[in-house]
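**Q** Got a structure for you, written out below as C-alpha cells; questions coming shortly.
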Amino acid sequence: MAEVPDCIFCKIAAGEIPAKIEHADEDIVAFHDINAAAPVHLLVIPRRHIASLAETTDAEAPLLGRIVSVARQLAAKFELDSGYRVVINCREDGGQSVPHIHLHLLGGRRLGWPPG
Ligand code: DGP
C-alpha cells in the first residue's frame, strides 16, 4: 500500500517528518527511536504500510527476513557485540502504539527479561 495518511512512520519513510536515519534502501528504512529505552534503540520498518505483524502473510516472509537482516547489520555497525534484542510488538496487547509494523533493535545495556 502507498503512504497512508496520518501514519507517522509512512511520513518518516517518505522524508516528510525528520528522523535520525541509519539505513535506507528501496524497501526498508531504519531510524533512532524518539523515546529510546536503551543506549541503542533503532526502529526498522518497511516503506510499504503494513499495520502489524498480524497483517502479514507468507508473501511478506522475504521482506520480514530482510528487516531482520538490516537489524543484524545495524547491531554490527553499533558494535553490540555482547548482545542485543529485537522485538516486534503486535497490536494492543503486544504493546504496539504505532500501527505501521516496526522491529525494535535494543542494545548497549543488559536487558531484563521477562518484559512487563
Ligand atoms: P511500539 O510501542 O512498539 O509501537 O513502538 C513505537 C515506537 O515508536 C516508540 O518506542 C516510540 C517511537 N516513535 C513514535 N513516534 C515517533 C516519531 O515521530 N519518531 C521516532 N523517531 N520515533 C517515534
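Labels used: A, B, ... for chains in the order of the C-alpha cells, numbers from 1 for residues in each chain, and numbers from 1 for ligands as shown.
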10 Å from ligand 1 is the threshold here; counting only C-alpha atoms and all ligand atoms, which polymer residues fall inside it? Answer as an MDAnalysis selection string.
**A** chainID A and resid 7:9 11:12 17:21 30:37 41:43 52 87:92 94:104
**Q** As a ChimeraX atom specification, please: all residues of stretch 19-61 of chain A that backbone DSSP puts in helix (DSSP H, G or I).
**A** /A:53-55,58-61
**Q** Could you write out the selected residues, including C-alpha atoms, as a CSV table (one decimal), in the first residue's frame?
**A**
chain,number,residue,atom,x,y,z
A,53,LEU,CA,2.8,-8.4,12.0
A,54,ALA,CA,-0.7,-9.9,12.2
A,55,GLU,CA,-1.4,-8.3,8.8
A,58,ASP,CA,3.8,-15.8,3.9
A,59,ALA,CA,4.2,-13.4,0.9
A,60,GLU,CA,5.9,-11.0,3.3
A,61,ALA,CA,8.4,-13.6,4.5
**Q** What separation in Å, quoted to one decimal, exists between atom CA of A:Cys10 and atom CA of A:Asp25?
**A**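 Result for atom CA of A:Cys10 versus atom CA of A:Asp25: 14.3 Å, one decimal.
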**Q** Excluding A:Val29 and residues on its chain fewer than 2 positions from it, collect all residues at most 6 Å away from it, counting only C-alpha atoms, and give them as a PyMOL selection string.
**A** chain A and resi 23-24+44-45
**Q** Would you save the residues of that selection, restricted to all heavy atoms, as a PDB file, in the first residue's frame?
**A**
ATOM      1  N   HIS A  23      19.601   3.709   8.124  1.00  0.00           N
ATOM      2  CA  HIS A  23      19.610   2.823   6.961  1.00  0.00           C
ATOM      3  C   HIS A  23      18.418   3.201   6.087  1.00  0.00           C
ATOM      4  O   HIS A  23      17.328   3.451   6.610  1.00  0.00           O
ATOM      5  CB  HIS A  23      19.480   1.355   7.398  1.00  0.00           C
ATOM      6  CG  HIS A  23      19.313   0.417   6.243  1.00  0.00           C
ATOM      7  ND1 HIS A  23      20.366  -0.264   5.667  1.00  0.00           N
ATOM      8  CD2 HIS A  23      18.213   0.056   5.528  1.00  0.00           C
ATOM      9  CE1 HIS A  23      19.926  -0.993   4.660  1.00  0.00           C
ATOM     10  NE2 HIS A  23      18.614  -0.819   4.557  1.00  0.00           N
ATOM     11  N   ALA A  24      18.634   3.218   4.798  1.00  0.00           N
ATOM     12  CA  ALA A  24      17.531   3.437   3.856  1.00  0.00           C
ATOM     13  C   ALA A  24      17.850   2.713   2.565  1.00  0.00           C
ATOM     14  O   ALA A  24      18.935   2.892   1.993  1.00  0.00           O
ATOM     15  CB  ALA A  24      17.329   4.929   3.606  1.00  0.00           C
ATOM     16  N   VAL A  44      13.260  -0.504  12.703  1.00  0.00           N
ATOM     17  CA  VAL A  44      13.433  -0.929  11.317  1.00  0.00           C
ATOM     18  C   VAL A  44      12.043  -1.164  10.741  1.00  0.00           C
ATOM     19  O   VAL A  44      11.263  -1.958  11.291  1.00  0.00           O
ATOM     20  CB  VAL A  44      14.278  -2.216  11.220  1.00  0.00           C
ATOM     21  CG1 VAL A  44      14.600  -2.522   9.754  1.00  0.00           C
ATOM     22  CG2 VAL A  44      15.563  -2.108  12.043  1.00  0.00           C
ATOM     23  N   ILE A  45      11.732  -0.448   9.665  1.00  0.00           N
ATOM     24  CA  ILE A  45      10.378  -0.515   9.112  1.00  0.00           C
ATOM     25  C   ILE A  45      10.423  -0.766   7.604  1.00  0.00           C
ATOM     26  O   ILE A  45      11.380  -0.383   6.929  1.00  0.00           O
ATOM     27  CB  ILE A  45       9.583   0.793   9.369  1.00  0.00           C
ATOM     28  CG1 ILE A  45      10.163   1.972   8.564  1.00  0.00           C
ATOM     29  CG2 ILE A  45       9.565   1.134  10.854  1.00  0.00           C
ATOM     30  CD1 ILE A  45       9.253   3.198   8.538  1.00  0.00           C
TER      31      ILE A  45
END
**Q** May I ask for the distance between atom CA of A:Val68 and atom CA of A:Arg110, given in Å to one decimal place?
**A**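 Result for atom CA of A:Val68 versus atom CA of A:Arg110: 20.6 Å, one decimal.
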**Q** Which is closest to A:Gly65 among A:Val40, A:Ile28, A:Leu111, A:Ala13, if we use only C-alpha atoms?
**A**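 With only C-alpha atoms as the atom set, the closest residue is A:Ile28.
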**Q** List the spatial neighbours of A:Lys77 as a PDB file with all heavy atoms, in the first residue's frame - criterion: any atom at most 12 Å away, only C-alpha atoms, same-chain residues fewer than 3 positions off excluded.
**A**
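Contents of the output file part.pdb:
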ATOM      1  N   GLU A  22      19.398   5.692   9.956  1.00  0.00           N
ATOM      2  CA  GLU A  22      20.626   4.882   9.975  1.00  0.00           C
ATOM      3  C   GLU A  22      20.730   3.962   8.777  1.00  0.00           C
ATOM      4  O   GLU A  22      21.803   3.459   8.473  1.00  0.00           O
ATOM      5  CB  GLU A  22      20.710   4.060  11.259  1.00  0.00           C
ATOM      6  CG  GLU A  22      21.002   4.866  12.489  1.00  0.00           C
ATOM      7  CD  GLU A  22      22.396   5.502  12.490  1.00  0.00           C
ATOM      8  OE1 GLU A  22      23.274   5.068  11.716  1.00  0.00           O
ATOM      9  OE2 GLU A  22      22.588   6.460  13.261  1.00  0.00           O
ATOM     10  N   HIS A  23      19.601   3.709   8.124  1.00  0.00           N
ATOM     11  CA  HIS A  23      19.610   2.823   6.961  1.00  0.00           C
ATOM     12  C   HIS A  23      18.418   3.201   6.087  1.00  0.00           C
ATOM     13  O   HIS A  23      17.328   3.451   6.610  1.00  0.00           O
ATOM     14  CB  HIS A  23      19.480   1.355   7.398  1.00  0.00           C
ATOM     15  CG  HIS A  23      19.313   0.417   6.243  1.00  0.00           C
ATOM     16  ND1 HIS A  23      20.366  -0.264   5.667  1.00  0.00           N
ATOM     17  CD2 HIS A  23      18.213   0.056   5.528  1.00  0.00           C
ATOM     18  CE1 HIS A  23      19.926  -0.993   4.660  1.00  0.00           C
ATOM     19  NE2 HIS A  23      18.614  -0.819   4.557  1.00  0.00           N
ATOM     20  N   VAL A  40      21.252   2.111  22.540  1.00  0.00           N
ATOM     21  CA  VAL A  40      20.953   1.964  21.113  1.00  0.00           C
ATOM     22  C   VAL A  40      19.506   1.479  21.008  1.00  0.00           C
ATOM     23  O   VAL A  40      19.152   0.428  21.558  1.00  0.00           O
ATOM     24  CB  VAL A  40      21.892   0.952  20.418  1.00  0.00           C
ATOM     25  CG1 VAL A  40      21.486   0.770  18.949  1.00  0.00           C
ATOM     26  CG2 VAL A  40      23.343   1.415  20.527  1.00  0.00           C
ATOM     27  N   LEU A  42      16.860   1.415  17.856  1.00  0.00           N
ATOM     28  CA  LEU A  42      16.521   1.719  16.465  1.00  0.00           C
ATOM     29  C   LEU A  42      15.224   1.028  16.091  1.00  0.00           C
ATOM     30  O   LEU A  42      14.864  -0.009  16.668  1.00  0.00           O
ATOM     31  CB  LEU A  42      17.640   1.245  15.534  1.00  0.00           C
ATOM     32  CG  LEU A  42      19.038   1.812  15.795  1.00  0.00           C
ATOM     33  CD1 LEU A  42      20.047   1.143  14.862  1.00  0.00           C
ATOM     34  CD2 LEU A  42      19.065   3.311  15.582  1.00  0.00           C
ATOM     35  N   VAL A  70      18.595  -6.384   8.243  1.00  0.00           N
ATOM     36  CA  VAL A  70      19.017  -4.992   8.461  1.00  0.00           C
ATOM     37  C   VAL A  70      19.296  -4.773   9.947  1.00  0.00           C
ATOM     38  O   VAL A  70      20.290  -4.114  10.313  1.00  0.00           O
ATOM     39  CB  VAL A  70      17.951  -4.007   7.928  1.00  0.00           C
ATOM     40  CG1 VAL A  70      18.233  -2.586   8.403  1.00  0.00           C
ATOM     41  CG2 VAL A  70      17.916  -4.050   6.396  1.00  0.00           C
ATOM     42  N   ALA A  71      18.461  -5.336  10.810  1.00  0.00           N
ATOM     43  CA  ALA A  71      18.703  -5.213  12.252  1.00  0.00           C
ATOM     44  C   ALA A  71      20.059  -5.821  12.622  1.00  0.00           C
ATOM     45  O   ALA A  71      20.833  -5.230  13.392  1.00  0.00           O
ATOM     46  CB  ALA A  71      17.577  -5.888  13.032  1.00  0.00           C
ATOM     47  N   ARG A  72      20.358  -6.979  12.060  1.00  0.00           N
ATOM     48  CA  ARG A  72      21.656  -7.620  12.347  1.00  0.00           C
ATOM     49  C   ARG A  72      22.815  -6.747  11.873  1.00  0.00           C
ATOM     50  O   ARG A  72      23.813  -6.573  12.580  1.00  0.00           O
ATOM     51  CB  ARG A  72      21.714  -8.990  11.664  1.00  0.00           C
ATOM     52  CG  ARG A  72      22.934  -9.819  12.064  1.00  0.00           C
ATOM     53  CD  ARG A  72      23.211 -10.943  11.091  1.00  0.00           C
ATOM     54  NE  ARG A  72      23.646 -10.436   9.812  1.00  0.00           N
ATOM     55  CZ  ARG A  72      22.969 -10.552   8.671  1.00  0.00           C
ATOM     56  NH1 ARG A  72      21.818 -11.185   8.639  1.00  0.00           N
ATOM     57  NH2 ARG A  72      23.448 -10.039   7.549  1.00  0.00           N
ATOM     58  N   GLN A  73      22.668  -6.161  10.688  1.00  0.00           N
ATOM     59  CA  GLN A  73      23.731  -5.292  10.163  1.00  0.00           C
ATOM     60  C   GLN A  73      23.915  -4.063  11.049  1.00  0.00           C
ATOM     61  O   GLN A  73      25.041  -3.623  11.305  1.00  0.00           O
ATOM     62  CB  GLN A  73      23.388  -4.852   8.731  1.00  0.00           C
ATOM     63  CG  GLN A  73      23.464  -5.983   7.713  1.00  0.00           C
ATOM     64  CD  GLN A  73      22.724  -5.647   6.420  1.00  0.00           C
ATOM     65  OE1 GLN A  73      22.470  -4.482   6.119  1.00  0.00           O
ATOM     66  NE2 GLN A  73      22.358  -6.656   5.675  1.00  0.00           N
ATOM     67  N   LEU A  74      22.811  -3.506  11.531  1.00  0.00           N
ATOM     68  CA  LEU A  74      22.901  -2.319  12.389  1.00  0.00           C
ATOM     69  C   LEU A  74      23.497  -2.682  13.751  1.00  0.00           C
ATOM     70  O   LEU A  74      24.253  -1.897  14.330  1.00  0.00           O
ATOM     71  CB  LEU A  74      21.529  -1.665  12.546  1.00  0.00           C
ATOM     72  CG  LEU A  74      21.019  -0.960  11.282  1.00  0.00           C
ATOM     73  CD1 LEU A  74      19.545  -0.617  11.429  1.00  0.00           C
ATOM     74  CD2 LEU A  74      21.846   0.289  10.995  1.00  0.00           C
ATOM     75  N   LEU A  80      27.302  -3.958  18.905  1.00  0.00           N
ATOM     76  CA  LEU A  80      26.567  -4.571  20.018  1.00  0.00           C
ATOM     77  C   LEU A  80      27.034  -6.025  20.172  1.00  0.00           C
ATOM     78  O   LEU A  80      26.240  -6.969  20.163  1.00  0.00           O
ATOM     79  CB  LEU A  80      25.057  -4.489  19.748  1.00  0.00           C
ATOM     80  CG  LEU A  80      24.506  -3.072  19.547  1.00  0.00           C
ATOM     81  CD1 LEU A  80      23.006  -3.124  19.246  1.00  0.00           C
ATOM     82  CD2 LEU A  80      24.773  -2.206  20.775  1.00  0.00           C
ATOM     83  N   ASP A  81      28.342  -6.163  20.337  1.00  0.00           N
ATOM     84  CA  ASP A  81      28.946  -7.499  20.281  1.00  0.00           C
ATOM     85  C   ASP A  81      28.557  -8.377  21.454  1.00  0.00           C
ATOM     86  O   ASP A  81      28.573  -9.605  21.362  1.00  0.00           O
ATOM     87  CB  ASP A  81      30.470  -7.374  20.194  1.00  0.00           C
ATOM     88  CG  ASP A  81      30.919  -6.592  18.969  1.00  0.00           C
ATOM     89  OD1 ASP A  81      30.174  -6.606  17.959  1.00  0.00           O
ATOM     90  OD2 ASP A  81      31.984  -5.959  19.007  1.00  0.00           O
ATOM     91  N   GLY A 107      19.937  -2.271  22.401  1.00  0.00           N
ATOM     92  CA  GLY A 107      21.215  -2.768  22.882  1.00  0.00           C
ATOM     93  C   GLY A 107      21.998  -1.693  23.590  1.00  0.00           C
ATOM     94  O   GLY A 107      21.553  -0.553  23.727  1.00  0.00           O
TER      95      GLY A 107
END
**Q** Could you write out, as a PyMOL selection string, all the residues of stretch 55-98 of chain A that DSSP marks as strand (DSSP E)?
**A** chain A and resi 84-87
**Q** Interatomic distance between atom CA of A:Ser82 and atom CA of A:Asp27?
**A** 28.8 Å
**Q** Restricting the calculation to only C-alpha atoms, which member of A:Phe78, A:Trp113, A:Leu106, A:Thr57 is positioned closest to A:Ala38?
**A**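 Residue with the minimum atom-to-atom distance to A:Ala38: A:Leu106.
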